[in-house]
Each structure stands twice: as structure tokens, then as C-alpha cells.
>>> print(open('model.txt').read())   # compact mmCIF, C-alpha atoms and all ligand atoms
# COMPACT_ATOMS: atom_id res chain seq x y z
CA MET W 245 18.83 -2.22 -8.10
CA ALA W 246 20.35 -3.67 -4.95
CA ASP W 247 20.58 -0.41 -3.06
CA LYS W 248 17.18 0.92 -4.02
CA TYR W 249 14.79 1.40 -1.13
CA LYS W 250 11.91 -1.10 -1.43
CA ILE W 251 8.37 -0.70 -0.14
CA VAL W 252 5.44 -3.12 -0.39
CA PHE W 253 1.84 -2.18 0.47
CA VAL W 254 -0.40 -5.00 1.69
CA CYS W 255 -4.19 -5.39 1.96
CA LEU W 256 -6.52 -8.41 1.83
CA GLY W 257 -7.27 -8.88 -1.88
CA ASN W 258 -4.54 -6.74 -3.51
CA ILE W 259 -7.15 -5.38 -5.89
CA CYS W 260 -8.36 -2.19 -4.14
CA ARG W 261 -6.34 -0.49 -1.39
CA SER W 262 -2.76 -1.72 -1.85
CA PRO W 263 -2.61 -1.36 -5.67
CA ALA W 264 -4.04 2.15 -5.24
CA ALA W 265 -1.34 2.97 -2.65
CA GLU W 266 1.26 1.54 -5.05
CA GLY W 267 0.02 3.65 -7.98
CA ILE W 268 -0.25 6.83 -5.90
CA LEU W 269 3.22 6.50 -4.37
CA LYS W 270 4.76 5.62 -7.75
CA LYS W 271 3.32 8.78 -9.29
CA MET W 272 4.62 10.91 -6.40
CA ILE W 273 8.04 9.29 -6.74
CA GLU W 274 8.12 9.94 -10.49
CA ASP W 275 6.94 13.52 -10.04
CA GLN W 276 9.75 14.12 -7.53
CA GLY W 277 12.42 12.53 -9.75
CA LEU W 278 13.05 9.66 -7.29
CA ALA W 279 12.23 6.75 -9.62
CA ASN W 280 15.81 5.50 -9.57
CA GLU W 281 15.90 5.34 -5.79
CA ILE W 282 12.69 3.71 -4.62
CA ILE W 283 10.84 0.55 -5.71
CA VAL W 284 7.15 0.14 -4.87
CA ASP W 285 5.07 -3.05 -4.99
CA SER W 286 1.86 -4.40 -3.47
CA ALA W 287 0.45 -7.75 -2.37
CA GLY W 288 -2.56 -9.29 -0.61
CA THR W 289 -2.72 -11.56 2.42
CA SER W 290 -5.46 -13.74 0.91
CA GLY W 291 -4.44 -14.71 -2.61
CA TYR W 292 -8.20 -14.65 -3.53
CA HIS W 293 -7.52 -12.54 -6.61
CA ASP W 294 -4.13 -13.83 -7.74
CA GLY W 295 -3.40 -12.72 -11.32
CA ASP W 296 -6.19 -10.10 -11.41
CA LEU W 297 -5.93 -6.43 -12.32
CA PRO W 298 -7.19 -3.98 -9.67
CA ASP W 299 -10.97 -3.72 -9.17
CA HIS W 300 -12.56 -1.73 -12.02
CA ARG W 301 -14.12 0.72 -9.53
CA MET W 302 -10.74 1.48 -7.95
CA ARG W 303 -9.22 1.94 -11.42
CA LYS W 304 -12.03 4.31 -12.46
CA HIS W 305 -11.82 6.47 -9.34
CA GLY W 306 -8.03 6.52 -9.57
CA SER W 307 -7.95 7.50 -13.23
CA ARG W 308 -10.19 10.50 -12.46
CA ARG W 309 -7.39 11.74 -10.20
CA GLY W 310 -4.69 11.06 -12.80
CA TYR W 311 -3.45 7.67 -11.55
CA ARG W 312 -3.04 4.39 -13.40
CA PHE W 313 -3.59 1.32 -11.25
CA ASP W 314 -2.43 -1.65 -13.30
CA SER W 315 -0.51 -3.99 -11.01
CA ILE W 316 -1.32 -7.71 -10.99
CA SER W 317 -2.61 -9.20 -7.74
CA ARG W 318 -0.32 -11.59 -5.88
CA LYS W 319 -0.21 -13.13 -2.43
CA PHE W 320 2.14 -11.78 0.26
CA THR W 321 4.64 -14.43 1.42
CA SER W 322 7.34 -14.69 4.07
CA ASN W 323 9.94 -14.19 1.28
CA ASP W 324 8.75 -10.58 1.07
CA PHE W 325 10.48 -9.93 4.40
CA ASP W 326 13.81 -10.51 2.62
CA GLN W 327 12.88 -8.44 -0.42
CA PHE W 328 11.51 -5.25 1.16
CA ASP W 329 12.68 -2.55 3.57
CA MET W 330 9.17 -1.48 4.56
CA ILE W 331 5.98 -3.59 4.61
CA ILE W 332 2.91 -1.41 5.05
CA ALA W 333 -0.48 -2.84 6.07
CA MET W 334 -3.80 -1.19 5.31
CA ASP W 335 -5.63 -2.40 8.45
CA ASP W 336 -5.06 -4.33 11.68
CA SER W 337 -6.14 -7.64 10.22
CA ASN W 338 -3.58 -7.31 7.41
CA TYR W 339 -0.97 -6.23 9.99
CA HIS W 340 -1.46 -9.32 12.16
CA ASN W 341 -1.54 -11.68 9.17
CA ILE W 342 1.76 -10.20 7.93
CA MET W 343 3.34 -10.43 11.40
CA ARG W 344 2.40 -14.11 11.60
CA LEU W 345 4.65 -14.70 8.56
CA SER W 346 7.62 -12.80 9.98
CA PRO W 347 10.67 -15.10 10.05
CA ASP W 348 12.15 -13.43 13.16
CA LEU W 349 11.66 -10.57 15.59
CA GLU W 350 13.89 -8.15 13.70
CA SER W 351 11.95 -8.65 10.45
CA GLY W 352 8.80 -7.63 12.30
CA THR W 353 10.24 -4.14 12.77
CA LYS W 354 9.81 -3.60 9.00
CA VAL W 355 6.01 -3.78 9.32
CA TYR W 356 3.97 -0.58 9.60
CA ARG W 357 0.35 0.50 9.37
CA MET W 358 -0.53 2.90 6.54
CA VAL W 359 -2.17 5.28 9.00
CA ASP W 360 1.20 5.65 10.79
CA PHE W 361 1.99 8.09 7.96
CA SER W 362 -1.30 10.03 7.93
CA GLN W 363 -0.91 13.76 8.23
CA LYS W 364 -4.36 15.37 8.22
CA TYR W 365 -6.67 12.37 8.79
CA MET W 366 -7.30 10.66 12.14
CA HIS W 367 -8.57 7.28 10.79
CA ASP W 368 -7.10 4.24 12.57
CA HIS W 369 -7.12 2.09 9.41
CA ILE W 370 -7.74 2.29 5.66
CA PRO W 371 -11.30 0.91 5.34
CA ASP W 372 -11.98 -1.94 2.92
CA PRO W 373 -14.01 -0.37 0.08
CA TYR W 374 -14.99 -3.66 -1.61
CA TYR W 375 -18.62 -3.65 -0.43
CA SER W 376 -18.95 0.13 -0.34
CA GLY W 377 -20.26 2.64 -2.86
CA ALA W 378 -18.40 5.37 -4.69
CA ASP W 379 -17.90 7.32 -1.45
CA GLY W 380 -15.87 4.44 0.00
CA PHE W 381 -13.47 4.47 -2.93
CA GLU W 382 -13.10 8.24 -2.78
CA LEU W 383 -12.39 8.08 0.97
CA VAL W 384 -9.71 5.42 0.42
CA LEU W 385 -8.03 7.62 -2.20
CA ASP W 386 -8.15 10.66 0.12
CA LEU W 387 -6.58 8.66 2.96
CA LEU W 388 -3.96 7.07 0.71
CA GLU W 389 -2.89 10.35 -0.91
CA ASP W 390 -2.41 11.89 2.53
CA ALA W 391 -0.48 8.91 3.94
CA CYS W 392 1.68 8.44 0.80
CA GLU W 393 2.72 12.08 1.05
CA GLY W 394 3.61 11.58 4.73
CA LEU W 395 5.47 8.35 3.95
CA LEU W 396 7.51 9.90 1.15
CA ARG W 397 8.36 12.85 3.38
CA LYS W 398 9.63 10.48 6.09
CA ILE W 399 11.72 8.48 3.63
CA THR W 400 13.25 11.50 1.92
CA ILE W 401 14.19 13.30 5.13
CA GLY W 402 15.61 10.05 6.52
CA ASP W 403 13.23 9.86 9.45
CA LYS W 404 11.76 6.34 9.04
P1 LIG Q 1 -8.62 -4.96 -0.85
O1 LIG Q 1 -10.22 -5.14 -0.98
O2 LIG Q 1 -8.18 -5.82 0.33
O3 LIG Q 1 -8.47 -3.50 -0.57
O4 LIG Q 1 -8.04 -5.41 -2.16
C1 LIG Q 1 -10.83 -6.39 -1.05
C2 LIG Q 1 -10.89 -7.05 -2.26
C3 LIG Q 1 -11.51 -8.28 -2.35
C4 LIG Q 1 -12.09 -8.83 -1.24
C5 LIG Q 1 -12.05 -8.18 -0.02
C6 LIG Q 1 -11.40 -6.96 0.07
N1 LIG Q 1 -12.76 -10.10 -1.34
O5 LIG Q 1 -13.33 -10.55 -0.32
O6 LIG Q 1 -12.76 -10.70 -2.41
>>> encode(input="model.txt", output="C-alpha cells", more="lines below")
Ligand code: 4NP
Amino acid sequence: MADKYKIVFVCLGNICRSPAAEGILKKMIEDQGLANEIIVDSAGTSGYHDGDLPDHRMRKHGSRRGYRFDSISRKFTSNDFDQFDMIIAMDDSNYHNIMRLSPDLESGTKVYRMVDFSQKYMHDHIPDPYYSGADGFELVLDLLEDACEGLLRKITIGDK
């Protein structure tokens, strides 16, 4: 356990974007036989939905693509800086709220934006789908699949 590489995805509610990123990356990790090497989690900056399963719309759209999103929402805390090697924010608001909790300057270097790992999309953040229609959820999944692939490539070729 101790030497596994640990990644946490963070959004606002931890019921749409970050649990989807968690489920997508976990599936890619399993498919590539890396489950013993990498741990993936997710959290939200708000705590509004503590204890909840992911949003039913996110679960439905994910299951159509073969994913299972079943993590339980929890709030991101400053302790997460000790627990994780990479902390990945979905948008700038999440990024700044995470940075505010950083215990020191060095810990702040663990924080990334999800779009840092995009390969074919040019979006500057992962848009909050909560008040969107089906298209918003599909766009989030497209962006997350692309960025998770880019992230896993960076981790596995040692180019973080
Ligand atoms: P998420 O989406 O940050 O991707 O989980 C949201 C979920 C809930 C709310 C906002 C965004 N909310 O305001 O309750």
C-alpha cells in the first residue's frame, strides 16, 4: 500500500465530475493491469453532498459507456495533501479552493488542473454539468476520458 501512487480528483460536489474521473481512471488502470500500483479517489471542496452516491444522471451516462460510478461523496481536507501524490482539480474555482488548504508551498506543487492532461480537447476547464442537460454530461465524459488517458500516459512513462 505505502508505495502505491495515489491520485485524488476534486470538484465542487463530488457527485458529478470527480467521481466520474475516478471511475474512468480506475477502469483504465484495471484494463492495463496496473491496479496494484495506483490508488484513485475523489472528493469535493464543498461537502454539500457528503455521504451521497454520484448524481443519477452521471451514473446513467457513465454506465452507457461501461463505467460504474459508485464512490461516496466526501469533503476534501488539508489532510489529503499528506495522503496523495497528485491532487487534480476540475476547474479554476476548485483549484484555488484546494490551494487555500495547502499546508506549505511544496504541497502546492501536487495540485494540477484536469485539463493539464487533455490531449485532443482545448477546453480550459471541465464544465460543471449539474444544471445542464444530457449534452453536458456527455461532454464531461468525453473530456474526462481524454484527460484520464493523457494522465495515465504521463504517470506510466514517468513524465509527471
Ligand atoms: P460536481 O457538480 O462539482 O461535478 O459534483 C456539482 C454537484 C452539485 C452541486 C454543484 C456542482 N451543487 O450545487 O449542489
>>> residues_around(input="model.txt", residues="Ile282 of chain W", least_positions_apart="6", cutoff="9 Å", atoms="only C-alpha atoms", output="MDAnalysis selection string")
chainID W and resid 248:251 270 273
>>> residues_near_ligand(input="model.txt", ligand="ligand LIG 1 (chain Q)", cutoff="10 Å", atoms="all atoms listed in the file", output="PyMOL selection string")
chain W and resi 254-265+287-293+298-299+302+317+334-335+338+370-375+381+384
>>> closest_residue(input="model.txt", among="W:Ala279, W:Ala378, W:Leu349, W:Leu396", to="His305 of chain W", atoms="all atoms listed in the file")
W:Ala378
>>> closest_residue(input="model.txt", among="W:Leu345, W:Val284, W:Met358, W:Met366", to="Leu395 of chain W", atoms="only C-alpha atoms")
W:Met358
>>> atom_distance(input="model.txt", atom1="atom CA of Asp326 of chain W", atom2="atom CA of Phe361 of chain W")
22.7 Å
>>> atom_distance(input="model.txt", atom1="atom CA of Arg309 of chain W", atom2="atom CA of Leu269 of chain W")
13.2 Å
>>> closest_residue(input="model.txt", among="W:Asp348, W:Glu281, W:Asp324, W:Glu266", to="Leu388 of chain W", atoms="all atoms listed in the file")
W:Glu266
>>> closest_residue(input="model.txt", among="W:Gly352, W:Ile331, W:Gly267, W:Arg301", to="Asp314 of chain W", atoms="all atoms listed in the file")
W:Gly267
